[in-house]
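Data first, discussion second: the structure below is written as structure tokens.
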Amino acid sequence: MSQTEGRPAPVLDLRAIGKRYGATVALQDVSLTLHAGEICGLLGENGAGKSTLVKTLSGVVTPDSGEMLVGGTPYHPHTILDARAHGVATAFQELSLVPTLSVAVNLFLPRPGINRLGMIARRRIEREAEAILSAHGIDDIAPATLVGDLSLGVRQRLEIVRAMWRQPRILLLDEPTAALSDREWLFDQVAIAIGRGASILYISHKLDEIRRLCRRCVILRNGHKVLDAEVAAMSDDDIFSSMAGRSVVETFVSVPSVVRAGAPALRATALRGTGVDDVSFTLAQGEILGVAGLEGQGQSFLFKSLVGLNSLRSGQIEVLGTPVGLPSPRAARRAGVVLVPEERKTEGIFKDLTTSANISLPVIGQASRFGMLGRRAERRLVERVTPAVDLAARYLPLGIGSLSGGNQQKAVLARALITGARCLLLFDPTRGVDVGAKQSIYRMIQQFAASGGAVLFYSTELDELVHLCDRCLVVYRNRIAGEVPRERLSQELILSIASGRGSAPPGAGAPMELVS
Amino acid sequence: MASPSISAGFRRALSGGPTVVAVLLFVLMFGIYAERTSAATTVFGITNLLNDAIVLAIAAAGVTLVVLTGEFDLSGVGVIAITNCVVATISTAGSYGWLSSLAVVLAIGAGVGLINGLLVAGLGLQSLAVTIGTMICCEGAALLILSAPGGEVADAITNGLTGDLFNVVPVAAVILAGLCAVWLVFKRTRLGIAIFAIGADASAARLSGVNERRTRLAAFLIAGLCYAAAGYMLSAQTGTGDPRANDSLLLFMYASVAIGGTSLMGGRGGVVGSIVGAGILTVMQKMLFALGVAEFYTDVFNGVIMIVALLIGNVSAALAQQMRRRAA
């Protein structure tokens, strides 16, 4: 095929790509083009084939059929390095940085600069890394730091920088804001790359990002391309329904305005410890208390502290009026406080066990007799909680590793519920989760609160906090910088406190109530 | 004034990681041994100690490389058996027998390492199972070469590798220092970095462009060479060949690696630690003997000390991470 009149040949041209894993079709007959200087959005629920497509383009997965052209010439990458040599670079959703190596070495893998002895020239590459980072607007990461010591958000920025600094012709960004709170930074970087003439395939669940960045978007569903159109021509509902194959009526179910101020479920007083500085708050029964903050402001430490996974030096925690002192994971669980952690892959699931076993784990004793697990008893226990999270029964006997991110997260939530928890600490539970699963999670949170449960809810997506929460605490530099009551919840107000300005933006009304 | 700085210094030393802990443990045990045995600190005593440790140390160095990639390699004892028998059979032929036997032995080690590497990295078989297979093959082959203890090792080897240079510096010390130096360079080469990266997170390393197969293959290959060198050293020590001499060596190799602070899951540790670990296991025997502990208690102490070393190493690693995070 020759180029269309008036329009130069696409930089990237995928023709009828197909890929199957055994009986599962990951991609079928997917065609896609990307032109110079274009940002094309790629949308789809988890399991729709987005990641397979990204991996195919990156040389990690070899397609079974179809052809790929880069700059008009055939492109058959077998490794990441092949892809890189053709000017294709990827920031992976699962973050491909090696935790035990330094920031600098990671930026230059697999061929960091060496000296005459063949040794890594540490000073030199750290200097170069510093220059690269600052060229990408990052000046708060020391190149000698081990990646494993950095927060998830910082790692995500690094992942993006690593894909960008070689100035690829084609940049693949797979859920680049999944763990990022400072999205403006990314948008700036995207604008710079485009200004240079790069083309970007932007994979995201977040419609507002797609609308902001892309003129055109492609939607995948079950491995097929179902839509390739101008973004402006489509309503949110059009896009959601093409993704889900059904209509999603509204993103947020409106919260019933029942009075929910119950007795205190969780009261933290003057907590101090690693990453937690003089934090006090009270969470009432039936309340959804939001926590907002830019990345690395202590929110992760705060959540872990409440279940004894981060050591506190001082402070007091009461659960349902009973002091638990400084909690241990066991004491927290006994008191009915359960954490749904940040890193699902490593902290949330046991990837080699079945979904059912993942859910029933905490109560396995109840399903056992004489030390033997009763399958039917287990199933009864599990099926008591799966409807609350909309997890279909057919997933239960499958290995949880084969489930989509959304279904995995539902299973993690089901496990929290199965213990009879009275207080859920949810740390970014909708990260990397598709639209349909998000709906289920919101519903579950609301039902849990309506039945008298207490929820502490951190999210990197401010609109979730605004729509779901009764109040929102904003953390800044390991402290609670402010509290926003329901009637004044807005993304602008939260952001202004979260970025340390500490006061309400112009026109937002009365000054903030600051928590001492 | 003194006490806080001592405790801070102690804390810093402890946070230096498991290798530092292993060194401290070694020094402590050597101190007890030396205090009881006057010959311990003479050149003769030290040469003796190093000679007792060096076979284990070199073999453990090889194991360390494979363990760092997150795999296992049990073939070491097989390679040591086979190379010991080869040296005892061919090294006395001609005046350059020591050299030709060294070449043959290294070729055998490389060959076994290559086979391990191809089966594990190339075909994706489980390393534990594969290397049990090659270990058994090698031990069988050793019996074919030498069906009973015997043979003879060239004097050039026995004298050259077990004595002292200028009557002061033990040859074993030179070899061990050389091994440490090579390691300190190697671990900062691209291959070295790749080995650590794969052990820490294989899929991240792959997505970062690290060639996983080639790296694993290289690790097995170099390990094979180390085992061959260890077998050569063993021949120098014993002056004879014995196809069944090293059955207990396998567990001690892994014990050295673990005591030296290398994670058996891969990604963390190093050869220096394993060499110190081998030193600890050797000096411990001598210390217990010097203290008059009956021989049949020795293994109990071996086990206990190993577990204690692991515990301290664990605390140390946690402390190190805490300090790094605080600094970051």
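Simple scheme: letters A, B, ... for chains in structure tokens order, numbers from 1 for residues in each chain, numbers from 1 for ligands in the order shown.
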
Could you pull out all residues of range 285-437 of chain A with a DSSP call of alpha helix (DSSP H) and give them as a ChimeraX atom specification? /A:299-306,329-334,355-360,375-385,405-418,435-437

Chain A residues near chain B (8 Å cut-off, only C-alpha atoms) as a PDB file with C-alpha atoms, in the first residue's frame:
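Final output, saved to selection.pdb:
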```pdb
ATOM      1  CA  VAL A  60       8.926  -8.908  24.232  1.00  0.00           C
ATOM      2  CA  THR A  79      14.199  -8.159  22.079  1.00  0.00           C
ATOM      3  CA  ILE A  80      13.817  -4.824  23.778  1.00  0.00           C
ATOM      4  CA  LEU A  81      17.150  -3.859  22.268  1.00  0.00           C
ATOM      5  CA  LEU A  95       7.698  -0.942  35.871  1.00  0.00           C
ATOM      6  CA  SER A  96      10.784  -2.650  34.525  1.00  0.00           C
ATOM      7  CA  LEU A  97      13.373  -1.165  36.846  1.00  0.00           C
ATOM      8  CA  VAL A  98      15.646  -3.511  38.774  1.00  0.00           C
ATOM      9  CA  PRO A  99      15.166  -2.734  42.479  1.00  0.00           C
ATOM     10  CA  THR A 100      18.663  -3.652  43.659  1.00  0.00           C
ATOM     11  CA  LEU A 101      20.468  -1.419  41.173  1.00  0.00           C
ATOM     12  CA  ASN A 106      18.895   1.401  35.644  1.00  0.00           C
ATOM     13  CA  LEU A 109      20.756  -0.815  31.280  1.00  0.00           C
ATOM     14  CA  PRO A 110      21.826  -3.104  29.768  1.00  0.00           C
ATOM     15  CA  ARG A 111      24.947  -1.216  28.699  1.00  0.00           C
ATOM     16  CA  PRO A 112      25.929   1.327  31.323  1.00  0.00           C
ATOM     17  CA  ILE A 114      32.345   1.407  31.602  1.00  0.00           C
ATOM     18  CA  LEU A 117      38.842  -2.237  33.220  1.00  0.00           C
ATOM     19  CA  GLY A 118      35.341  -2.986  32.042  1.00  0.00           C
ATOM     20  CA  MET A 119      33.899  -1.718  35.311  1.00  0.00           C
ATOM     21  CA  ILE A 120      30.862   0.515  35.476  1.00  0.00           C
ATOM     22  CA  ALA A 142      19.813  11.124  43.613  1.00  0.00           C
ATOM     23  CA  THR A 145      19.910   5.743  45.182  1.00  0.00           C
ATOM     24  CA  ASP A 149      14.349   2.423  48.131  1.00  0.00           C
TER      25      ASP A 149
END
```

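Separating CA of Leu373 in chain A from CA of Pro341 in chain A is a distance of 26.8 Å.
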
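The gap separating CA of Leu180 in chain A from CA of Glu209 in chain A is 12.6 Å, in Å to one decimal.
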
Please provide the set of residues having any atom within 10 Å of Gly420 in chain A, restricted to only C-alpha atoms, with same-chain residues fewer than 2 positions apart removed, written as an mmCIF file with C-alpha atoms, in the first residue's frame.
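Contents of part_3.cif, as written:
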```cif
data_model
loop_
_atom_site.group_PDB
_atom_site.id
_atom_site.type_symbol
_atom_site.label_atom_id
_atom_site.label_comp_id
_atom_site.auth_asym_id
_atom_site.auth_seq_id
_atom_site.Cartn_x
_atom_site.Cartn_y
_atom_site.Cartn_z
ATOM 1 C CA ARG A 333 -6.491 -8.034 62.122
ATOM 2 C CA ARG A 334 -8.012 -9.176 65.392
ATOM 3 C CA GLY A 336 -10.973 -5.912 62.431
ATOM 4 C CA VAL A 337 -8.677 -3.448 60.681
ATOM 5 C CA VAL A 338 -7.598 -4.711 57.267
ATOM 6 C CA VAL A 363 -10.426 -17.877 57.434
ATOM 7 C CA VAL A 385 -18.426 -12.356 49.992
ATOM 8 C CA ARG A 415 -10.406 -11.422 51.190
ATOM 9 C CA ALA A 416 -10.602 -8.277 53.288
ATOM 10 C CA LEU A 417 -14.352 -8.711 53.665
ATOM 11 C CA ILE A 418 -14.245 -12.411 54.492
ATOM 12 C CA ARG A 422 -15.049 -3.462 60.424
ATOM 13 C CA CYS A 423 -12.506 -1.049 59.124
ATOM 14 C CA GLY A 453 -18.147 -0.259 58.185
#
```

Using only C-alpha atoms for the distances, tell me which of B:Val27, B:Val104, B:Met135, B:Leu68 is nearest to Ala228 in chain B. B:Val104

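Shell of Val324 in chain A at 12 Å, with only C-alpha atoms counted and residues fewer than 4 places along the chain excluded, is Leu266, Arg267, Ala268, Thr269, Leu306, Val307, Gly308, Gly315, Gln316, Ile317, Glu318, Val319, Leu320, Ser328, Pro329, Arg330, Ala331, Ala332, Arg333, Arg334, Ala335, Gly336 and Val337 of chain A.
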
Close residues, range 406-408 of chain A itself excluded, 6 Å, only C-alpha atoms, min 4 positions apart in chain, as an NGL selection string: :A and (433-434 or 437)

Dump as a JSON list (two decimals), in the first residue's frame, selection limited to N, CA and C atoms:
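Saved to part.json:
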```json
[["chain", "number", "residue", "atom", "x", "y", "z"],
["A", 433, "VAL", "N", -6.99, -0.62, 37.21],
["A", 433, "VAL", "CA", -8.18, -1.46, 37.20],
["A", 433, "VAL", "C", -9.13, -0.90, 36.14],
["A", 434, "ASP", "N", -9.80, -1.77, 35.40],
["A", 434, "ASP", "CA", -10.63, -1.27, 34.31],
["A", 434, "ASP", "C", -11.93, -0.65, 34.81],
["A", 437, "ALA", "N", -14.59, -2.82, 36.63],
["A", 437, "ALA", "CA", -14.19, -3.23, 37.97],
["A", 437, "ALA", "C", -14.21, -2.05, 38.92]]
```
